[in-house]
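*Asks:* The following block contains the structure, expressed as structure tokens.
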Amino acid sequence: MTPVRAPSAVREFEAAARARLLPAHYDYFAGGAGEEITVRANEAAFARLALLPRVLRGTGKLQTGVTLPGGRAAMPVLVAPTAFHRLAHPEGERATARAAAAAETVMVVSMAATVAVEDVAAAAPGGTLWFQLYIQPDLAFTEAIVRRAEAAGCTALVVTVDSPARGRRDRDQHNGFDDLPDGMCCENLRDGDRVRPIVMSPEISWRHVDLLRRMTELPVVLKGVTHPDDARLALDHGVAAVWVSNHGGRQLDTVPAAVDLLPEVVAAVGGAVPVLLDGGIRRGTDVVKAMALGASAVAVGRPVIWGLAADGERGVARVLGLLHDEVEHALTLLGVASVHDLRPGLVRPC
Ligand SMILES: Cc1cc2nc3c(=O)[nH]c(=O)nc-3n(C[C@H](O)[C@H](O)[C@H](O)COP(=O)(O)O)c2cc1C
Ligand SMILES: CCCCCCC(=O)C(=O)O
């Protein structure tokens, strides 16, 4: 009998996940906005970047840890906020949080999680959680959610700013996917005995970022920045980090690939705060390319979902473990001892 081989690359988890998920749920996780041009561009952009190794550097012990406003991570790959983990696995966000804690990295809990942030925290004591927020026009409700995240022990607030409206996702429209199944809801949206809908409002502005900063002592990370002028404004408004992201190509289609936007944002930020990046990271080589171009750390969305759907906590742990091992391997072959020593000169367009 041929033994079943465990996935040896992150990409292999997608097929395993697809085989287990309902087609409409697979499409929700995999899909993006419009023609999915940005979804494809995110990955393709990494393939268009070449790495140029240095030799005879005597590098020795490797350093992959990073220190960020919301705490330290042993690897420079964070778990991006993604919604609805219980569609992928019955343990949902609990399983993801345990795997992230075991990998000693940060999990960003989505506001649209299907397990309440308090229960995610309880599932992974000792783990580092950040909380992702869509600022709700009802500011009292926004504040109530912030207080819950604080009380659950989250160490940063990630405010997603690329969603003044929900992306138009053709796959979801064709599948009629617009709600969670019975027995599942966005647990962080509970308000007394009802669950509120998430409002993505075009009325949200920099004024709300200021209000939020006054509302909490937690560092505020701005996720979904693509324009260098917005990166500069983010600094004016006192954010603790800027997160370059096009939401994995799920919001405005034809926005450029995230990694192509990175250098201009890094230049605009000028080292004032860390710059994070997500979108299309599938390999350790993608991680080092992004960090060479100035990212302080990166995050992965779909790879975590594929690991979760394929094999629950173990699958997520394997995805994170593969990325960690690949980062170390890439550093060794690049002749670089620490992720902090990655520089633009190690990357070339090809
Ligand atoms: C299924 C899914 C759900 C997502 N849900 C959220 C969310 O609730 N909040 C958020 O800020 N971003 C959300 N995102 C965007 C991710 O945080 C991240 O920006 C994106 O997945 C990165 O691209 P990648 O999937 O290629 O790694 C979601 C992405 C996916 C794929
Ligand atoms: C109505 C709930 C919306 C959750 C948003 C999740 C998300 O950001 C995504 O990309 O999907």
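Convention: chains lettered A, B, ... in structure tokens order; per-chain residue numbering from 1; ligands numbered from 1 as shown.
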What are the closest atom pairs, with distances in Å to one decimal, for each residue of chain A lying within 7 Å of ligand 1, using only C-alpha atoms and all ligand atoms, rows by chain and rising residue number, as a tab-separated table?
*Replies:*
```
residue	atom	partner	partner_atom_place_in_ligand_line	distance
A:Tyr28	CA	ligand 1	1 (C)	6.0
A:Phe29	CA	ligand 1	1 (C)	3.7
A:Ala30	CA	ligand 1	31 (C)	6.1
A:Asn42	CA	ligand 1	26 (O)	6.8
A:Ala80	CA	ligand 1	17 (O)	4.4
A:Pro81	CA	ligand 1	17 (O)	4.2
A:Thr82	CA	ligand 1	5 (N)	3.3
A:Ala83	CA	ligand 1	5 (N)	4.1
A:Ser110	CA	ligand 1	8 (O)	4.6
A:Met111	CA	ligand 1	8 (O)	5.9
A:Ala112	CA	ligand 1	8 (O)	5.1
A:Gln132	CA	ligand 1	11 (O)	6.1
A:Thr160	CA	ligand 1	11 (O)	4.9
A:Lys223	CA	ligand 1	11 (O)	6.8
A:Ser245	CA	ligand 1	19 (O)	5.6
A:Asn246	CA	ligand 1	19 (O)	6.4
A:His247	CA	ligand 1	19 (O)	3.6
A:Gly248	CA	ligand 1	23 (O)	3.4
A:Asp278	CA	ligand 1	22 (C)	4.8
A:Gly279	CA	ligand 1	23 (O)	3.5
A:Gly280	CA	ligand 1	26 (O)	3.7
A:Ile281	CA	ligand 1	27 (O)	5.6
A:Ala299	CA	ligand 1	27 (O)	6.5
A:Val300	CA	ligand 1	27 (O)	3.8
A:Gly301	CA	ligand 1	21 (O)	3.6
A:Arg302	CA	ligand 1	25 (O)	3.9
A:Pro303	CA	ligand 1	27 (O)	6.4
```
*Asks:* Write out as a JSON list (two decimals) with N, CA, C and O atoms, in the first residue's frame which residues come within 6 Å of segment 7-16 of chain A when counting only C-alpha atoms, dropping same-chain ones fewer than 5 positions away.
*Replies:*
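Result file out.json:
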```json
[["chain", "number", "residue", "atom", "x", "y", "z"],
["A", 306, "TRP", "N", -6.18, 26.75, 5.08],
["A", 306, "TRP", "CA", -5.99, 25.44, 4.43],
["A", 306, "TRP", "C", -5.47, 24.42, 5.46],
["A", 306, "TRP", "O", -5.94, 23.27, 5.48],
["A", 307, "GLY", "N", -4.56, 24.83, 6.30],
["A", 307, "GLY", "CA", -4.04, 23.92, 7.33],
["A", 307, "GLY", "C", -5.16, 23.51, 8.29],
["A", 307, "GLY", "O", -5.30, 22.33, 8.65],
["A", 310, "ALA", "N", -7.62, 21.16, 6.60],
["A", 310, "ALA", "CA", -7.03, 19.85, 6.29],
["A", 310, "ALA", "C", -6.87, 19.01, 7.53],
["A", 310, "ALA", "O", -7.12, 17.80, 7.52],
["A", 319, "VAL", "N", 1.61, 24.09, 8.87],
["A", 319, "VAL", "CA", 1.78, 25.23, 7.95],
["A", 319, "VAL", "C", 2.77, 26.24, 8.55],
["A", 319, "VAL", "O", 3.72, 26.67, 7.88]]
```
*Asks:* Report as a list of chain:residue names: the residues of segment 95-235 of chain A with a DSSP assignment of strand (DSSP E), based on the backbone of this structure.
*Replies:* A:Val106, A:Met107, A:Val108, A:Val109, A:Thr128, A:Leu129, A:Trp130, A:Phe131, A:Gln132, A:Leu133, A:Leu157, A:Val158, A:Val159, A:Thr160, A:Arg190, A:Asp191, A:Arg194, A:Val195, A:Val220, A:Val221, A:Leu222, A:Lys223, A:Gly224, A:Val225
*Asks:* Counting only C-alpha atoms, which residues of segment 53-129 of chain A fall within 9 Å of segment 323-331 of chain A, and what is the closest atom pair for each with its distance in Å at one decimal, ordered by chain and rising number, as a tab-separated table?
*Replies:*
```
residue	atom	partner	partner_atom	distance
A:Leu62	CA	A:Glu328	CA	6.9
A:Gln63	CA	A:Glu328	CA	8.2
A:Thr64	CA	A:Glu328	CA	7.3
A:Met75	CA	A:His324	CA	6.4
A:Pro76	CA	A:His324	CA	8.2
A:Val77	CA	A:Leu323	CA	7.7
A:Ala103	CA	A:His324	CA	8.8
```
*Asks:* What's around Ala165 of chain A at 12 Å? Count only C-alpha atoms, leave out sequence neighbours fewer than 2 positions away in its own chain, and write the answer as JSON, numbers by chain.
*Replies:* {"A": [33, 134, 160, 161, 162, 163, 167, 168, 169, 198, 199, 200, 201, 202, 203, 204, 250, 251, 252]}
*Asks:* Restricting the output to N, CA, C and O atoms, write the selected residues as a PDB file, in the first residue's frame.
*Replies:*
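Listed below is the output, again-v5.pdb:
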```
ATOM      1  N   ALA A  33     -12.193  39.470  -4.962  1.00  0.00           N
ATOM      2  CA  ALA A  33     -13.132  40.402  -5.589  1.00  0.00           C
ATOM      3  C   ALA A  33     -13.014  40.337  -7.114  1.00  0.00           C
ATOM      4  O   ALA A  33     -11.942  40.086  -7.668  1.00  0.00           O
ATOM      5  N   TYR A 134     -13.225  46.149  12.732  1.00  0.00           N
ATOM      6  CA  TYR A 134     -13.807  47.092  11.776  1.00  0.00           C
ATOM      7  C   TYR A 134     -14.504  48.129  12.649  1.00  0.00           C
ATOM      8  O   TYR A 134     -15.450  47.781  13.375  1.00  0.00           O
ATOM      9  N   THR A 160      -8.858  47.447  10.520  1.00  0.00           N
ATOM     10  CA  THR A 160      -8.872  47.209   9.075  1.00  0.00           C
ATOM     11  C   THR A 160      -9.550  48.378   8.392  1.00  0.00           C
ATOM     12  O   THR A 160     -10.716  48.692   8.666  1.00  0.00           O
ATOM     13  N   VAL A 161      -8.793  49.014   7.484  1.00  0.00           N
ATOM     14  CA  VAL A 161      -9.277  50.283   6.906  1.00  0.00           C
ATOM     15  C   VAL A 161      -9.501  50.193   5.391  1.00  0.00           C
ATOM     16  O   VAL A 161      -9.748  51.205   4.740  1.00  0.00           O
ATOM     17  N   ASP A 162      -9.427  48.958   4.871  1.00  0.00           N
ATOM     18  CA  ASP A 162      -9.631  48.804   3.419  1.00  0.00           C
ATOM     19  C   ASP A 162     -11.058  48.392   3.088  1.00  0.00           C
ATOM     20  O   ASP A 162     -11.350  47.962   1.981  1.00  0.00           O
ATOM     21  N   SER A 163     -11.956  48.537   4.045  1.00  0.00           N
ATOM     22  CA  SER A 163     -13.293  47.982   3.868  1.00  0.00           C
ATOM     23  C   SER A 163     -14.396  48.987   4.193  1.00  0.00           C
ATOM     24  O   SER A 163     -15.220  48.754   5.086  1.00  0.00           O
ATOM     25  N   GLY A 167     -16.199  43.802  -0.253  1.00  0.00           N
ATOM     26  CA  GLY A 167     -15.797  43.499  -1.621  1.00  0.00           C
ATOM     27  C   GLY A 167     -16.884  42.741  -2.370  1.00  0.00           C
ATOM     28  O   GLY A 167     -17.657  41.989  -1.762  1.00  0.00           O
ATOM     29  N   ARG A 168     -16.951  42.953  -3.692  1.00  0.00           N
ATOM     30  CA  ARG A 168     -17.921  42.212  -4.527  1.00  0.00           C
ATOM     31  C   ARG A 168     -17.250  40.924  -4.968  1.00  0.00           C
ATOM     32  O   ARG A 168     -16.322  40.944  -5.772  1.00  0.00           O
ATOM     33  N   ARG A 169     -17.736  39.844  -4.418  1.00  0.00           N
ATOM     34  CA  ARG A 169     -17.079  38.554  -4.665  1.00  0.00           C
ATOM     35  C   ARG A 169     -17.996  37.657  -5.495  1.00  0.00           C
ATOM     36  O   ARG A 169     -19.013  37.163  -5.001  1.00  0.00           O
ATOM     37  N   ILE A 198     -22.011  42.965  11.118  1.00  0.00           N
ATOM     38  CA  ILE A 198     -20.832  43.832  10.986  1.00  0.00           C
ATOM     39  C   ILE A 198     -21.159  44.916   9.960  1.00  0.00           C
ATOM     40  O   ILE A 198     -21.592  44.614   8.843  1.00  0.00           O
ATOM     41  N   VAL A 199     -20.963  46.166  10.362  1.00  0.00           N
ATOM     42  CA  VAL A 199     -21.212  47.271   9.435  1.00  0.00           C
ATOM     43  C   VAL A 199     -19.872  47.724   8.858  1.00  0.00           C
ATOM     44  O   VAL A 199     -18.935  48.023   9.598  1.00  0.00           O
ATOM     45  N   MET A 200     -19.795  47.692   7.518  1.00  0.00           N
ATOM     46  CA  MET A 200     -18.613  48.255   6.862  1.00  0.00           C
ATOM     47  C   MET A 200     -19.051  49.587   6.288  1.00  0.00           C
ATOM     48  O   MET A 200     -19.809  49.640   5.320  1.00  0.00           O
ATOM     49  N   SER A 201     -18.592  50.662   6.920  1.00  0.00           N
ATOM     50  CA  SER A 201     -19.189  51.963   6.625  1.00  0.00           C
ATOM     51  C   SER A 201     -18.206  52.900   5.928  1.00  0.00           C
ATOM     52  O   SER A 201     -17.081  53.112   6.401  1.00  0.00           O
ATOM     53  N   PRO A 202     -18.655  53.543   4.825  1.00  0.00           N
ATOM     54  CA  PRO A 202     -17.808  54.537   4.161  1.00  0.00           C
ATOM     55  C   PRO A 202     -17.674  55.823   4.969  1.00  0.00           C
ATOM     56  O   PRO A 202     -16.921  56.721   4.600  1.00  0.00           O
ATOM     57  N   GLU A 203     -18.407  55.910   6.085  1.00  0.00           N
ATOM     58  CA  GLU A 203     -18.313  57.135   6.903  1.00  0.00           C
ATOM     59  C   GLU A 203     -17.096  57.132   7.820  1.00  0.00           C
ATOM     60  O   GLU A 203     -16.751  58.163   8.415  1.00  0.00           O
ATOM     61  N   ILE A 204     -16.460  55.967   7.944  1.00  0.00           N
ATOM     62  CA  ILE A 204     -15.311  55.896   8.858  1.00  0.00           C
ATOM     63  C   ILE A 204     -14.148  56.705   8.280  1.00  0.00           C
ATOM     64  O   ILE A 204     -13.851  56.631   7.084  1.00  0.00           O
ATOM     65  N   ARG A 250      -9.463  40.697  -1.843  1.00  0.00           N
ATOM     66  CA  ARG A 250     -10.891  40.439  -1.595  1.00  0.00           C
ATOM     67  C   ARG A 250     -11.730  41.715  -1.542  1.00  0.00           C
ATOM     68  O   ARG A 250     -12.938  41.660  -1.392  1.00  0.00           O
ATOM     69  N   GLN A 251     -11.066  42.872  -1.634  1.00  0.00           N
ATOM     70  CA  GLN A 251     -11.824  44.120  -1.555  1.00  0.00           C
ATOM     71  C   GLN A 251     -11.915  44.778  -2.932  1.00  0.00           C
ATOM     72  O   GLN A 251     -12.822  44.488  -3.681  1.00  0.00           O
ATOM     73  N   LEU A 252     -10.947  45.624  -3.285  1.00  0.00           N
ATOM     74  CA  LEU A 252     -11.006  46.285  -4.599  1.00  0.00           C
ATOM     75  C   LEU A 252     -10.126  45.519  -5.578  1.00  0.00           C
ATOM     76  O   LEU A 252      -8.898  45.474  -5.400  1.00  0.00           O
TER      77      LEU A 252
END
```
*Asks:* Which residues in segment 193-325 of chain A does DSSP call helix (DSSP H, G or I)? List them as JSON, numbers by chain.
*Replies:* {"A": [206, 207, 208, 209, 210, 211, 212, 213, 214, 215, 228, 229, 230, 231, 232, 233, 234, 235, 236, 247, 248, 249, 258, 259, 260, 261, 262, 263, 264, 265, 266, 267, 268, 269, 284, 285, 286, 287, 288, 289, 290, 291, 292, 302, 303, 304, 305, 306, 307, 308, 309, 310, 311, 312, 313, 314, 315, 316, 317, 318, 319, 320, 321, 322, 323, 324, 325]}
*Asks:* Give me a file of those residues, with C-alpha atoms, as a compact mmCIF listing (two decimals), in the first residue's frame.
*Replies:*
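Written output follows (result-v7.txt):
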```txt
# COMPACT_ATOMS: atom_id res chain seq x y z
CA TRP A 206 -9.17 59.43 10.36
CA ARG A 207 -11.33 61.07 13.04
CA HIS A 208 -12.37 57.57 14.11
CA VAL A 209 -8.74 56.45 14.34
CA ASP A 210 -8.16 59.37 16.73
CA LEU A 211 -11.25 58.41 18.74
CA LEU A 212 -10.05 54.82 18.94
CA ARG A 213 -6.61 55.88 20.11
CA ARG A 214 -8.24 57.87 22.88
CA MET A 215 -10.46 54.88 23.72
CA PRO A 228 2.24 56.01 0.67
CA ASP A 229 0.30 59.21 1.46
CA ASP A 230 -1.98 57.19 3.75
CA ALA A 231 1.09 55.70 5.42
CA ARG A 232 2.28 59.26 6.17
CA LEU A 233 -1.18 60.20 7.48
CA ALA A 234 -1.17 57.10 9.65
CA LEU A 235 2.00 58.38 11.33
CA ASP A 236 0.36 61.77 11.90
CA HIS A 247 -7.05 42.18 1.94
CA GLY A 248 -5.79 39.19 -0.05
CA GLY A 249 -7.44 40.63 -3.18
CA ALA A 258 0.91 43.92 -1.93
CA VAL A 259 4.65 43.29 -2.15
CA ASP A 260 4.92 45.71 -5.11
CA LEU A 261 3.42 48.44 -2.90
CA LEU A 262 5.75 47.74 0.00
CA PRO A 263 8.90 49.75 -0.95
CA GLU A 264 7.00 53.04 -1.35
CA VAL A 265 5.18 52.59 1.94
CA VAL A 266 8.43 51.65 3.70
CA ALA A 267 10.03 54.82 2.30
CA ALA A 268 7.06 56.93 3.43
CA VAL A 269 7.18 55.49 6.94
CA GLY A 284 9.81 31.07 3.31
CA THR A 285 11.45 32.72 0.30
CA ASP A 286 8.40 35.05 0.05
CA VAL A 287 8.89 35.97 3.71
CA VAL A 288 12.55 36.89 3.28
CA LYS A 289 11.82 38.85 0.09
CA ALA A 290 9.21 40.96 1.91
CA MET A 291 11.54 41.51 4.85
CA ALA A 292 14.44 42.40 2.55
CA ARG A 302 -5.40 31.47 3.40
CA PRO A 303 -2.48 29.14 4.25
CA VAL A 304 -3.73 28.99 7.83
CA ILE A 305 -7.27 28.25 6.67
CA TRP A 306 -5.99 25.44 4.43
CA GLY A 307 -4.04 23.92 7.33
CA LEU A 308 -7.07 24.23 9.62
CA ALA A 309 -9.47 22.65 7.15
CA ALA A 310 -7.03 19.85 6.29
CA ASP A 311 -6.10 18.80 9.82
CA GLY A 312 -7.28 21.23 12.52
CA GLU A 313 -4.67 22.43 15.02
CA ARG A 314 -2.11 19.97 13.61
CA GLY A 315 -2.59 21.34 10.11
CA VAL A 316 -2.10 24.95 11.21
CA ALA A 317 0.95 23.92 13.25
CA ARG A 318 2.40 22.20 10.19
CA VAL A 319 1.78 25.23 7.95
CA LEU A 320 3.49 27.55 10.44
CA GLY A 321 6.29 25.03 11.02
CA LEU A 322 6.94 24.69 7.30
CA LEU A 323 7.12 28.46 6.89
CA HIS A 324 9.47 28.76 9.85
CA ASP A 325 11.78 26.03 8.52
```
*Asks:* Record the distance separating atom 9 (C, counted along the ligand's line) of ligand 2 and atom CA of Glu91 of chain A, expressed in Å with one decimal.
*Replies:* 19.5 Å
*Asks:* Need to verify the contact set: Thr254 of chain A, 9 Å, only C-alpha atoms, exclusion of same-chain residues closer than 4 positions in sequence. Can you return it as a PyMOL selection string?
*Replies:* chain A and resi 33-39+41+249
*Asks:* Could the residues in this selection be written to a file with N, CA and C atoms, as a PDB file, in the first residue's frame?
*Replies:*
```
ATOM      1  N   ALA A  33     -12.193  39.470  -4.962  1.00  0.00           N
ATOM      2  CA  ALA A  33     -13.132  40.402  -5.589  1.00  0.00           C
ATOM      3  C   ALA A  33     -13.014  40.337  -7.114  1.00  0.00           C
ATOM      4  N   GLY A  34     -14.149  40.573  -7.756  1.00  0.00           N
ATOM      5  CA  GLY A  34     -14.185  40.751  -9.216  1.00  0.00           C
ATOM      6  C   GLY A  34     -13.545  39.607  -9.981  1.00  0.00           C
ATOM      7  N   GLU A  35     -12.631  39.965 -10.876  1.00  0.00           N
ATOM      8  CA  GLU A  35     -11.956  38.962 -11.721  1.00  0.00           C
ATOM      9  C   GLU A  35     -10.825  38.254 -10.972  1.00  0.00           C
ATOM     10  N   GLU A  36     -10.629  38.596  -9.721  1.00  0.00           N
ATOM     11  CA  GLU A  36      -9.561  38.022  -8.876  1.00  0.00           C
ATOM     12  C   GLU A  36      -8.171  38.316  -9.448  1.00  0.00           C
ATOM     13  N   ILE A  37      -8.052  39.472 -10.075  1.00  0.00           N
ATOM     14  CA  ILE A  37      -6.752  39.882 -10.642  1.00  0.00           C
ATOM     15  C   ILE A  37      -5.752  40.134  -9.506  1.00  0.00           C
ATOM     16  N   THR A  38      -6.233  40.794  -8.464  1.00  0.00           N
ATOM     17  CA  THR A  38      -5.337  41.087  -7.339  1.00  0.00           C
ATOM     18  C   THR A  38      -4.968  39.815  -6.568  1.00  0.00           C
ATOM     19  N   VAL A  39      -5.927  38.893  -6.455  1.00  0.00           N
ATOM     20  CA  VAL A  39      -5.607  37.613  -5.774  1.00  0.00           C
ATOM     21  C   VAL A  39      -4.403  36.973  -6.468  1.00  0.00           C
ATOM     22  N   ALA A  41      -2.279  38.405  -8.562  1.00  0.00           N
ATOM     23  CA  ALA A  41      -1.103  39.293  -8.590  1.00  0.00           C
ATOM     24  C   ALA A  41      -0.278  39.160  -7.306  1.00  0.00           C
ATOM     25  N   GLY A 249      -6.717  40.463  -1.909  1.00  0.00           N
ATOM     26  CA  GLY A 249      -7.443  40.630  -3.179  1.00  0.00           C
ATOM     27  C   GLY A 249      -8.942  40.479  -3.033  1.00  0.00           C
TER      28      GLY A 249
END
```
*Asks:* Looking at only C-alpha atoms, which of A:Leu333, A:Ala17, A:Met184, A:Ala74 is the one that sits closest to Val106 of chain A?
*Replies:*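 Between A:Leu333, A:Ala17, A:Met184, A:Ala74, the residue approaching Val106 of chain A most closely is A:Ala74.
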*Asks:* Can you pull out the residues contacting Leu56 of chain A? Cut-off 12 Å, using only C-alpha atoms, and skip same-chain residues under 4 positions away; I want them as a ChimeraX atom specification.
*Replies:* /A:60,332-337
*Asks:* Output C-alpha atoms of each residue in that selection to a file, as a PDB file, in the first residue's frame.
*Replies:*
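Printed below is result.pdb as written:
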```pdb
ATOM      1  CA  GLY A  60      26.159  30.342  12.298  1.00  0.00           C
ATOM      2  CA  THR A 332      21.185  30.047   5.486  1.00  0.00           C
ATOM      3  CA  LEU A 333      21.372  29.918   1.703  1.00  0.00           C
ATOM      4  CA  LEU A 334      21.294  33.719   1.454  1.00  0.00           C
ATOM      5  CA  GLY A 335      24.232  33.982   3.854  1.00  0.00           C
ATOM      6  CA  VAL A 336      22.218  36.037   6.332  1.00  0.00           C
ATOM      7  CA  ALA A 337      22.144  35.153  10.048  1.00  0.00           C
TER       8      ALA A 337
END
```
